Amino acid sequence: MLALVAVHALTAVIAPGLVRLWGRNALYLVALAPGATLIWALTHTTGVRDGVPVVETAPWVPQLGLELALRMGTLSWLMVVLVGGVGALVLAYSARYFRTDDPGLGRFAAVFVAFAGAMLGLVVSDDLLLLYVFWELTTVFSYLLIGSDPAKRASRRAAMQALLVTTLGGLAMLAGFVMLGRHAGSFRWSEIAGNLPGGGYLTVAVVLILLGALSKSAIFPFSFWLPGAMAAPTPVSAYLHAAAMVKGGVFLVALLGPALAEVTPWRPVLLTAGLITMFLGGWTALRQADLKLLLAYGTVSQLGLLMVILGAGTRDTALAGAAMVLAHALFKATLFLTVGIIDHVAGTRDLRELSGLGRRAPALAVVAGLAAASMAGLPPMAGFVAKEAAVEALLHGGGSDLVVLAGVVLGSALTVAYTLRFLWGAFAGKPGVTPAEVTAVSWPFLGPAAALAVAGAPSRATTWRSGTG
């Protein structure tokens, strides 16, 4: 794992030089770093599935007794697969999205692969202080990616907003980590989980940690920064805001939940904030004319859903939440990539100006349709499998879980509504609107989105459910 993080760092250093030599085609070479991460994770599937985590340690700060302690269990394995697989495909997509003469391409390639390496380090860190280091590295690299066009004022403002919100939340989280580590005499979560303090001390630590998780995943009242970050290029949105960065807070809740779910503030905070986020994000998505903003507010809504499912704190909801993390990364990254293609071939992503695109680009419509079916939770897609598992888990929970279930059902109805608005806006023929003149969509451009859409198809969904149930 340390070697893979080092590979990402080295690739980030040489990426600008590769781009100068081979132009945008160099991004295919850069994609080998996250691609290698995916392959490495897949080779450890059997051991992780059998309950044998991959563990690595190396000296870090011996004077303080700190080590580079890495651990890949089942949850971390899932996140590594997403970080590596989606990262490689988005870089391949970027090789056709950007122009060869784009002056910022080398910088983009370097920062993107550096972010992927930081995200990899985050999800495999067993030491909480090391996790915080990678947490803040993702914040810095996301700031550089969101503000990748310094000439655009909106990009600079959105990048600064995301930086301030997630950094302040991260500092609060660090204070919570220090409180837990000082009490346990170790900062390794695998050791802290069985040696938690009690009373108000633990309550304060949990609240501080939740501030970090909620701000990173754009959960109410921190939801405002994510839609603004859509000023970033579409590949950045597809990776950071569907599969990677915003999943940091979700990952943290899933990691700590088994040990902290019974602490008083855990469930009330996550369930309340998650439900509010789900409704506000879904309702706002229905009012958007920009397809990318529609998906952004939809992402906010679905992050709220993830927090609700994982915040419930039971084994069944944890499994359903893991399935939903996978499904959401696949369908939302696909949809962001298709919006980028629509913008390229039609010259707009305003649904009021698009008409007849489904007939003129049928392959693109099929790819988007598969992902949209999963987002809406239609059987037998991966999104349906995950939502069915969540509903089943909440249905058998009793008590307050039934209230939460009612909220999830209503939120899911909003999801169906804005999914239909997306498909209608992007691909339907509209009376009185001139059909869009589109250029041909090349398969190297469409291929990465198609691969992600197929990954969320029925056979994969069935396999996932059988493996987690």
# chains A, B, ... in the order shown; residues from 1 in each chain; ligands from 1
$ residues_around --residues "A:Ala58" --least-positions-apart "3" --cutoff "12 Å" --atoms "only C-alpha atoms" --output "ChimeraX atom specification"
/A:1-3,55,61-62,65-70,127,130
$ residues_around --residues "A:Thr11" --least-positions-apart "4" --cutoff "12 Å" --atoms "only C-alpha atoms" --output "MDAnalysis selection string"
chainID A and resid 4:7 15:19 26:34 36 106:107 109:117
$ write_last_selection --atoms "N, CA and C atoms" --output "PDB file, in the first residue's frame"
ATOM      1  N   LEU A   4       2.116   1.783  -3.449  1.00  0.00           N
ATOM      2  CA  LEU A   4       1.125   2.348  -4.356  1.00  0.00           C
ATOM      3  C   LEU A   4       0.967   3.853  -4.153  1.00  0.00           C
ATOM      4  N   VAL A   5       0.987   4.283  -2.891  1.00  0.00           N
ATOM      5  CA  VAL A   5       0.934   5.726  -2.629  1.00  0.00           C
ATOM      6  C   VAL A   5       2.160   6.408  -3.238  1.00  0.00           C
ATOM      7  N   ALA A   6       3.328   5.766  -3.099  1.00  0.00           N
ATOM      8  CA  ALA A   6       4.558   6.324  -3.679  1.00  0.00           C
ATOM      9  C   ALA A   6       4.481   6.377  -5.196  1.00  0.00           C
ATOM     10  N   VAL A   7       3.875   5.373  -5.817  1.00  0.00           N
ATOM     11  CA  VAL A   7       3.708   5.371  -7.274  1.00  0.00           C
ATOM     12  C   VAL A   7       2.869   6.565  -7.715  1.00  0.00           C
ATOM     13  N   ALA A  15       4.117  13.698 -14.423  1.00  0.00           N
ATOM     14  CA  ALA A  15       2.969  13.902 -15.307  1.00  0.00           C
ATOM     15  C   ALA A  15       3.106  15.130 -16.209  1.00  0.00           C
ATOM     16  N   PRO A  16       3.517  16.300 -15.694  1.00  0.00           N
ATOM     17  CA  PRO A  16       3.651  17.457 -16.595  1.00  0.00           C
ATOM     18  C   PRO A  16       4.630  17.212 -17.736  1.00  0.00           C
ATOM     19  N   GLY A  17       5.722  16.517 -17.453  1.00  0.00           N
ATOM     20  CA  GLY A  17       6.681  16.192 -18.508  1.00  0.00           C
ATOM     21  C   GLY A  17       6.096  15.256 -19.548  1.00  0.00           C
ATOM     22  N   LEU A  18       5.317  14.279 -19.093  1.00  0.00           N
ATOM     23  CA  LEU A  18       4.668  13.359 -20.029  1.00  0.00           C
ATOM     24  C   LEU A  18       3.689  14.102 -20.930  1.00  0.00           C
ATOM     25  N   VAL A  19       2.958  15.047 -20.355  1.00  0.00           N
ATOM     26  CA  VAL A  19       2.005  15.825 -21.149  1.00  0.00           C
ATOM     27  C   VAL A  19       2.727  16.691 -22.169  1.00  0.00           C
ATOM     28  N   ALA A  26      -0.940  11.460 -23.032  1.00  0.00           N
ATOM     29  CA  ALA A  26      -0.160  11.090 -21.849  1.00  0.00           C
ATOM     30  C   ALA A  26      -1.060  10.725 -20.675  1.00  0.00           C
ATOM     31  N   LEU A  27      -2.306  11.185 -20.701  1.00  0.00           N
ATOM     32  CA  LEU A  27      -3.225  10.861 -19.601  1.00  0.00           C
ATOM     33  C   LEU A  27      -3.506   9.365 -19.523  1.00  0.00           C
ATOM     34  N   TYR A  28      -3.388   8.675 -20.658  1.00  0.00           N
ATOM     35  CA  TYR A  28      -3.547   7.215 -20.612  1.00  0.00           C
ATOM     36  C   TYR A  28      -2.430   6.580 -19.788  1.00  0.00           C
ATOM     37  N   LEU A  29      -1.225   7.127 -19.900  1.00  0.00           N
ATOM     38  CA  LEU A  29      -0.108   6.622 -19.087  1.00  0.00           C
ATOM     39  C   LEU A  29      -0.307   6.982 -17.619  1.00  0.00           C
ATOM     40  N   VAL A  30      -0.767   8.200 -17.366  1.00  0.00           N
ATOM     41  CA  VAL A  30      -1.008   8.623 -15.989  1.00  0.00           C
ATOM     42  C   VAL A  30      -2.069   7.736 -15.337  1.00  0.00           C
ATOM     43  N   ALA A  31      -3.018   7.284 -16.135  1.00  0.00           N
ATOM     44  CA  ALA A  31      -4.095   6.431 -15.613  1.00  0.00           C
ATOM     45  C   ALA A  31      -3.590   5.081 -15.129  1.00  0.00           C
ATOM     46  N   LEU A  32      -2.375   4.719 -15.490  1.00  0.00           N
ATOM     47  CA  LEU A  32      -1.842   3.430 -15.038  1.00  0.00           C
ATOM     48  C   LEU A  32      -1.640   3.389 -13.526  1.00  0.00           C
ATOM     49  N   ALA A  33      -1.408   4.545 -12.897  1.00  0.00           N
ATOM     50  CA  ALA A  33      -1.201   4.555 -11.443  1.00  0.00           C
ATOM     51  C   ALA A  33      -2.469   4.135 -10.698  1.00  0.00           C
ATOM     52  N   PRO A  34      -3.620   4.801 -10.897  1.00  0.00           N
ATOM     53  CA  PRO A  34      -4.833   4.296 -10.241  1.00  0.00           C
ATOM     54  C   PRO A  34      -5.262   2.940 -10.783  1.00  0.00           C
ATOM     55  N   ALA A  36      -3.257   0.483 -11.539  1.00  0.00           N
ATOM     56  CA  ALA A  36      -2.476  -0.498 -10.783  1.00  0.00           C
ATOM     57  C   ALA A  36      -3.072  -0.713  -9.395  1.00  0.00           C
ATOM     58  N   GLY A 106      -1.054  19.651 -18.075  1.00  0.00           N
ATOM     59  CA  GLY A 106      -0.016  18.999 -17.281  1.00  0.00           C
ATOM     60  C   GLY A 106      -0.264  19.168 -15.793  1.00  0.00           C
ATOM     61  N   ARG A 107      -0.664  20.361 -15.405  1.00  0.00           N
ATOM     62  CA  ARG A 107      -0.966  20.626 -14.000  1.00  0.00           C
ATOM     63  C   ARG A 107      -2.156  19.786 -13.549  1.00  0.00           C
ATOM     64  N   ALA A 109      -3.183  16.901 -14.738  1.00  0.00           N
ATOM     65  CA  ALA A 109      -2.793  15.489 -14.618  1.00  0.00           C
ATOM     66  C   ALA A 109      -2.038  15.240 -13.323  1.00  0.00           C
ATOM     67  N   ALA A 110      -1.116  16.141 -12.992  1.00  0.00           N
ATOM     68  CA  ALA A 110      -0.311  15.967 -11.786  1.00  0.00           C
ATOM     69  C   ALA A 110      -1.167  16.039 -10.528  1.00  0.00           C
ATOM     70  N   VAL A 111      -2.031  17.040 -10.442  1.00  0.00           N
ATOM     71  CA  VAL A 111      -2.845  17.213  -9.238  1.00  0.00           C
ATOM     72  C   VAL A 111      -3.881  16.102  -9.125  1.00  0.00           C
ATOM     73  N   PHE A 112      -4.429  15.691 -10.254  1.00  0.00           N
ATOM     74  CA  PHE A 112      -5.450  14.640 -10.226  1.00  0.00           C
ATOM     75  C   PHE A 112      -4.877  13.338  -9.676  1.00  0.00           C
ATOM     76  N   VAL A 113      -3.727  12.915 -10.182  1.00  0.00           N
ATOM     77  CA  VAL A 113      -3.163  11.646  -9.716  1.00  0.00           C
ATOM     78  C   VAL A 113      -2.642  11.785  -8.287  1.00  0.00           C
ATOM     79  N   ALA A 114      -2.201  12.975  -7.902  1.00  0.00           N
ATOM     80  CA  ALA A 114      -1.801  13.197  -6.517  1.00  0.00           C
ATOM     81  C   ALA A 114      -3.008  13.084  -5.595  1.00  0.00           C
ATOM     82  N   PHE A 115      -4.142  13.622  -6.029  1.00  0.00           N
ATOM     83  CA  PHE A 115      -5.360  13.483  -5.244  1.00  0.00           C
ATOM     84  C   PHE A 115      -5.747  12.011  -5.104  1.00  0.00           C
ATOM     85  N   ALA A 116      -5.656  11.255  -6.188  1.00  0.00           N
ATOM     86  CA  ALA A 116      -5.990   9.829  -6.122  1.00  0.00           C
ATOM     87  C   ALA A 116      -5.098   9.111  -5.123  1.00  0.00           C
ATOM     88  N   GLY A 117      -3.813   9.474  -5.089  1.00  0.00           N
ATOM     89  CA  GLY A 117      -2.903   8.872  -4.114  1.00  0.00           C
ATOM     90  C   GLY A 117      -3.247   9.237  -2.693  1.00  0.00           C
TER      91      GLY A 117
END
$ residues_around --residues "A:Val90" --least-positions-apart "2" --cutoff "8 Å" --atoms "only C-alpha atoms" --output "JSON, numbers by chain"
{"A": [86, 87, 88, 92, 93, 94, 235, 238, 239, 448]}
$ residues_around --residues "A:Leu255" --least-positions-apart "2" --cutoff "10 Å" --atoms "only C-alpha atoms" --output "number ranges by chain"
A: 75-76, 123, 189, 249-253, 257-260, 310, 318
$ atom_distance --atom1 "atom CA of A:Ala386" --atom2 "atom CA of A:Ala323"
5.1 Å
$ residues_around --residues "A:Leu270" --least-positions-apart "6" --cutoff "8 Å" --atoms "only C-alpha atoms" --output "ChimeraX atom specification"
/A:307-308,311
$ select_by_dssp --residues "stretch 234-371 of chain A" --states "alpha helix (DSSP H)" --output "VMD selection string"
chain A and resid 234 to 240 247 to 260 266 to 285 291 to 311 315 to 346 357 to 360 362 to 371
$ closest_residue --among "A:Val81, A:Ala254, A:Val339, A:Ala417" --to "A:Thr284" --atoms "only C-alpha atoms"
A:Ala417
$ residues_around --residues "A:Leu196" --least-positions-apart "5" --cutoff "8 Å" --atoms "only C-alpha atoms" --output "count of residues only"
4
